[in-house]
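Following: one structure in structure tokens, then a few remarks.
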Protein chains: 2
Amino acid sequence: MSSSAEIISVGTELLLGNILNSNAQFIAQQLAQLGIPHYYQTVVGDNPDRLKRAIAVASERSQILIFTGGLGPTPDDLTTETIADFFNTPLVENSEVVADIAQKFAQRGREMTDNNRKQALVPQGAEILYNPVGSAPGIIWQPRSGVTILTFPGVPTEMKEMWRQIAVPYLKSQGWGQEIIVSRILKFWGLAESSLADKVADFFDLQNPTVAPYANFGEVKLRISAKAPSEEAAYQIIAPVEEQLRQIGGLDCYGSDEDTIASVVGELLTVTQTTLSVAESCTGGGLGQLLTSVSGSSRYFWGGVISYDNSVKQNLLGVDPEALAQHGAVSAIVAQQMAVGIRSRLNTTWGISITGVAGPDGGTEIKPVGLVYIGLAGPDDQVTSFAHQFGERGREWVRHVSACSAIDHLRRKLLSDPLIHE
Amino acid sequence: MSSSAEIISVGTELLLGNILNSNAQFIAQQLAQLGIPHYYQTVVGDNPDRLKRAIAVASERSQILIFTGGLGPTPDDLTTETIADFFNTPLVENSEVVADIAQKFAQRGREMTDNNRKQALVPQGAEILYNPVGSAPGIIWQPRSGVTILTFPGVPTEMKEMWRQIAVPYLKSQGWGQEIIVSRILKFWGLAESSLADKVADFFDLQNPTVAPYANFGEVKLRISAKAPSEEAAYQIIAPVEEQLRQIGGLDCYGSDEDTIASVVGELLTVTQTTLSVAESCTGGGLGQLLTSVSGSSRYFWGGVISYDNSVKQNLLGVDPEALAQHGAVSAIVAQQMAVGIRSRLNTTWGISITGVAGPDGGTEIKPVGLVYIGLAGPDDQVTSFAHQFGERGREWVRHVSACSAIDHLRRKLLSDPLIHE
């Protein structure tokens, strides 16, 4: 099979930058999993002439055209009729779709409007791609030999459900998913992309698997991708390269694929049968949120205190008012006292704390924006703190990287525990 | 000027779905602000032949081609040489770039490699688009009449700095930014997209300004866009339509543009000179994080308790063990006691609480995934709670919508305060 797919995202809101094209990312991941080659993506607005030009280009260079957006009931939803028009095919009303939409509206106790009825018009000869969630169905259509069209609504939740429930079985029935591309992402924390890239430069020349670096929000990743007839075969190609890259990464390599720093620390806490609480100042809850993004985190995460105001640091965490007065809230000593305080109040094995200047205001010459102290308290009255300078890269950046770094310090501490290596 | 711009994002990581195309969104917003028409976006991998095909298509239908990605030092960074090759132009080494890169490396105490030297090769006749942040410069080049090329690195922070510092002044010098498109986004919470769309359907036919709806993560938005010679003139076109839409939206319209529910509530708390604390269970800190995403939130937000474990609900919030035993942690009474408890412990005007089943596990027949109680405690021992069923739409969806809804309940409460209407 030499077909390749092209994603055509239809929506003026994309061209105005009002929304991120997360649909294209999702479909791209899905195509890779099915081993469907995918060389181009196009974004075009709600304009029939330009959409036709995009279809003309795409139908020359790609064989499977996947559209998202423009299936709704409003007048600027033009995808279906424009595709039909491009291929000189009349629209016909599909009675099953009319019935389906009418039923969905009846369930919600609402009347179907003429606008909704428009959603039942499909090109003659097209099959329906049912929408299990919303009212807008899509189509599967082969308007001419060598061109297959699939359309999806732009609402991500609807598109994803339709993709999983309807499109994947269809594509597999067409023989896709035989030779697949599998990627493993190795994830690193605590080193710069360029320094990792230098260490693993030789790997970038490999052909199968390929190795490529990228970075975002303080995290560095290496993608190892292999092509093979099965997942198992692909992972066998990946395994030796992964092993070498993990060796080179050492402690900085914290996990792979769906791992997050929070999920990895969650596993370490579970293995060591220890528990955790947090005391947060500048992150305002973000550290707890990150830890509890892991389903099942209640096994090891007890809770915490958001001590945004200094009175809360004193009253709920027992931070010494003199330490606050003398060193300020953003200091090593206060970070340590916060960590010790939360650990003892919540009676957990570990306590971690964050206090810093997230900015954009509040920085001084001595304590500039981006300065963050992380405290870590553990058994036997151990307590340490770490000073970071995360720079003036935006309030959310500093807060996110602070929360990840705090969890990473605990990860390194847990990995040094003899229990882990038994 | 009848030129239009096309964004060409180069990178196999986009086609594999490893990253979101946030660069395209940023540039799209910038083009709209400068009034540069923008009808197409293309994504293509690190492959010279396909990149050439994309350039062929783009240079026929668009006049300003904006490339991101593929300028780095590694062998799969091919954008510059492929563009030169497409336009049959040799590459020449730019000595100023060599000097600039050498200096940047010297500053970091590192040696420049041959790979980095490759970044100094530019098509003959092209001007340099300096990179104030990283080592990879871009180019501005008119390879033939009616085609202007600008290239940027793929790293978002570098791309954005180059855009702001270098590209915007250049584009303005070319006469752009004379007629501009201005958008106002009205934001709504607490109603469905379709129900809002029904109420304002007549507005979708307007030409200048245009009105369009969209929705994500429980929030519904209306975008009002006007084209005019100046920002002031555009806002004058927008104003009467905005006024009517706000009237129709009523209390559900919480703000516009950069407003978030958290920032709007922050303003209301500031105006009423009242303070807030939070008690969080299933959101694990996400409510506090959202509230403190607003710079200056320390004026009114004191802090909170993340009471993930029931022992924390009892010990730090004073929740009655009998209420927990009888009604469970996810109940109206516990939500109310959490709100009352945090308000009294932290001595704030308001206390809000969240307790619910975020899923995917932990749901029961009586208390299914998505069931969330929000508690709200205020002056004169007022306390209420609200039950929501947010559905099984994913753990992060339930948590995010819970946090927004909790803040929205406080917003509606604050808006009913006589002080606000003085």
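Note on naming: chains are A, B, ... as they come in the structure tokens, residues start from 1 per chain, ligands start from 1 in the order shown.
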
Worksheet item: Among stretch 19-246 of chain A, which ones does DSSP place in strand (DSSP E), written as an NGL selection string?
Response: :A and (38-44 or 64-68 or 91-93 or 121-123 or 127-129 or 138-144 or 147-152 or 180-189 or 210-216 or 219-228)

Worksheet item: Please, which residues of chain A lie no more than 7 Å from chain B when the count uses only C-alpha atoms, and can they be set out as a ChimeraX atom specification?
Response: /A:15-17,19-22,25-26,28-29,32,38-45,283-286,288-289,292,298,302-309,312,346

For the selection just defined, write its residues with C-alpha atoms to a file, as a compact mmCIF listing (two decimals), in the first residue's frame.
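Saved file out-v4.txt follows:
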```txt
# COMPACT_ATOMS: atom_id res chain seq x y z
CA LEU A 15 -6.12 31.02 10.90
CA LEU A 16 -6.85 33.76 13.42
CA GLY A 17 -4.88 31.88 16.06
CA ILE A 19 -7.33 28.00 19.03
CA LEU A 20 -4.52 25.47 18.93
CA ASN A 21 -4.75 22.72 16.33
CA SER A 22 -4.86 19.89 18.86
CA GLN A 25 -1.81 16.32 16.76
CA PHE A 26 -4.26 13.63 17.89
CA ALA A 28 -1.17 12.43 13.58
CA GLN A 29 -0.47 10.21 16.59
CA ALA A 32 1.52 6.79 13.22
CA HIS A 38 1.46 11.05 6.73
CA TYR A 39 3.48 13.70 4.96
CA TYR A 40 1.37 16.86 4.89
CA GLN A 41 -1.14 18.82 6.95
CA THR A 42 -3.16 21.76 5.66
CA VAL A 43 -5.12 24.39 7.54
CA VAL A 44 -7.69 26.45 5.63
CA GLY A 45 -10.50 28.79 6.66
CA THR A 283 2.91 27.46 42.97
CA GLY A 284 -0.38 28.02 44.83
CA GLY A 285 -1.53 24.43 44.52
CA GLY A 286 0.21 23.45 41.29
CA GLY A 288 -0.47 19.15 44.57
CA GLN A 289 -2.35 19.30 41.30
CA THR A 292 -2.83 14.23 41.98
CA SER A 298 -4.49 8.93 47.18
CA TRP A 302 -2.10 12.82 51.92
CA GLY A 303 -2.55 16.48 51.00
CA GLY A 304 -0.98 19.80 51.82
CA VAL A 305 -1.21 23.44 52.66
CA ILE A 306 -1.24 26.33 50.22
CA SER A 307 0.51 28.91 52.36
CA TYR A 308 0.20 31.86 50.03
CA ASP A 309 -0.02 34.39 52.82
CA VAL A 312 -0.74 30.68 56.82
CA LEU A 346 0.10 15.63 58.09
```

Item to complete: Please identify all polymer residues within 12 Å of B:Val340, counting only C-alpha atoms, omitting same-chain residues fewer than 5 positions from it, and present them as a VMD selection string.
Response: chain B and resid 276 to 279 313 316 to 320 333 to 335 345 to 353 374 to 385

Any chance you can output those residues with N, CA and C atoms as a compact mmCIF listing (two decimals), in the first residue's frame?
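The resulting out04.txt:
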```
# COMPACT_ATOMS: atom_id res chain seq x y z
N LEU B 276 -10.10 35.28 50.38
CA LEU B 276 -10.55 33.95 49.98
C LEU B 276 -9.56 32.88 50.42
N SER B 277 -10.09 31.74 50.82
CA SER B 277 -9.26 30.55 51.03
C SER B 277 -9.99 29.35 50.42
N VAL B 278 -9.24 28.27 50.18
CA VAL B 278 -9.83 27.11 49.50
C VAL B 278 -9.51 25.81 50.23
N ALA B 279 -10.42 24.86 50.10
CA ALA B 279 -10.20 23.51 50.62
C ALA B 279 -10.48 22.55 49.47
N LYS B 313 -8.93 16.19 56.12
CA LYS B 313 -10.23 16.87 56.21
C LYS B 313 -10.62 17.06 57.68
N LEU B 316 -7.23 19.19 59.74
CA LEU B 316 -6.91 20.58 59.36
C LEU B 316 -8.16 21.39 59.03
N LEU B 317 -9.26 20.74 58.73
CA LEU B 317 -10.46 21.50 58.34
C LEU B 317 -11.60 21.32 59.34
N GLY B 318 -11.45 20.42 60.29
CA GLY B 318 -12.50 20.22 61.29
C GLY B 318 -13.75 19.56 60.74
N VAL B 319 -13.60 18.78 59.66
CA VAL B 319 -14.77 18.05 59.16
C VAL B 319 -15.13 16.95 60.17
N ASP B 320 -16.42 16.84 60.42
CA ASP B 320 -16.96 15.90 61.41
C ASP B 320 -16.77 14.45 60.94
N ILE B 333 -22.74 17.77 52.63
CA ILE B 333 -22.43 18.18 54.00
C ILE B 333 -20.92 18.33 54.20
N VAL B 334 -20.14 17.39 53.61
CA VAL B 334 -18.68 17.49 53.75
C VAL B 334 -18.16 18.71 52.97
N ALA B 335 -18.71 18.95 51.79
CA ALA B 335 -18.31 20.14 51.03
C ALA B 335 -18.54 21.40 51.87
N ARG B 345 -10.36 28.64 59.65
CA ARG B 345 -8.94 28.43 59.97
C ARG B 345 -8.06 29.55 59.41
N LEU B 346 -8.40 29.99 58.21
CA LEU B 346 -7.53 31.00 57.58
C LEU B 346 -8.07 32.42 57.77
N ASN B 347 -9.23 32.49 58.41
CA ASN B 347 -9.79 33.79 58.77
C ASN B 347 -10.00 34.69 57.54
N THR B 348 -10.66 34.12 56.52
CA THR B 348 -10.93 34.89 55.30
C THR B 348 -12.43 35.17 55.19
N THR B 349 -12.80 36.10 54.30
CA THR B 349 -14.21 36.42 54.11
C THR B 349 -14.96 35.23 53.51
N TRP B 350 -14.32 34.61 52.50
CA TRP B 350 -14.95 33.52 51.78
C TRP B 350 -14.11 32.25 51.88
N GLY B 351 -14.80 31.13 51.85
CA GLY B 351 -14.10 29.85 51.75
C GLY B 351 -14.81 29.02 50.69
N ILE B 352 -14.06 28.47 49.74
CA ILE B 352 -14.71 27.57 48.79
C ILE B 352 -14.04 26.20 48.85
N SER B 353 -14.83 25.18 48.57
CA SER B 353 -14.32 23.81 48.69
C SER B 353 -14.79 22.98 47.50
N ILE B 374 -19.48 21.37 45.40
CA ILE B 374 -18.74 22.60 45.65
C ILE B 374 -19.39 23.30 46.84
N GLY B 375 -18.58 23.66 47.82
CA GLY B 375 -19.09 24.36 48.99
C GLY B 375 -18.67 25.82 48.96
N LEU B 376 -19.53 26.67 49.50
CA LEU B 376 -19.22 28.11 49.52
C LEU B 376 -19.66 28.66 50.86
N ALA B 377 -18.69 29.15 51.64
CA ALA B 377 -18.98 29.73 52.95
C ALA B 377 -18.64 31.20 52.93
N GLY B 378 -19.49 32.01 53.59
CA GLY B 378 -19.25 33.45 53.59
C GLY B 378 -19.63 34.08 54.91
N PRO B 379 -19.68 35.42 54.93
CA PRO B 379 -19.96 36.15 56.16
C PRO B 379 -21.30 35.73 56.77
N ASP B 380 -21.48 36.01 58.06
CA ASP B 380 -22.71 35.69 58.80
C ASP B 380 -23.04 34.20 58.74
N ASP B 381 -21.98 33.40 58.76
CA ASP B 381 -22.16 31.93 58.78
C ASP B 381 -22.99 31.40 57.63
N GLN B 382 -23.05 32.14 56.54
CA GLN B 382 -23.69 31.61 55.33
C GLN B 382 -22.90 30.42 54.81
N VAL B 383 -23.59 29.38 54.42
CA VAL B 383 -22.91 28.29 53.73
C VAL B 383 -23.90 27.58 52.80
N THR B 384 -23.44 27.33 51.58
CA THR B 384 -24.27 26.62 50.61
C THR B 384 -23.39 25.60 49.91
N SER B 385 -24.05 24.69 49.20
CA SER B 385 -23.26 23.79 48.36
C SER B 385 -24.01 23.55 47.05
```

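The closest residue to B:Glu179, picked from B:Asp100, B:Glu127, B:Glu231, B:Glu242 and counting only C-alpha atoms, is B:Glu231.
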
Item to complete: List the neighbours of A:Tyr254 out to 10 Å using only C-alpha atoms; skip same-chain residues closer than 3 positions along the sequence, and give me the result as a ChimeraX atom specification.
Response: /A:186-190,246,249-251,259-261,264-265,408,411-412

Item to complete: Pull the alpha helix (DSSP H) assignments for stretch 36-172 of chain B out of DSSP run on the backbone, and list those residues as a ChimeraX atom specification.
Response: /B:48-61,79-86,95-107,114-118,156-162,168-172
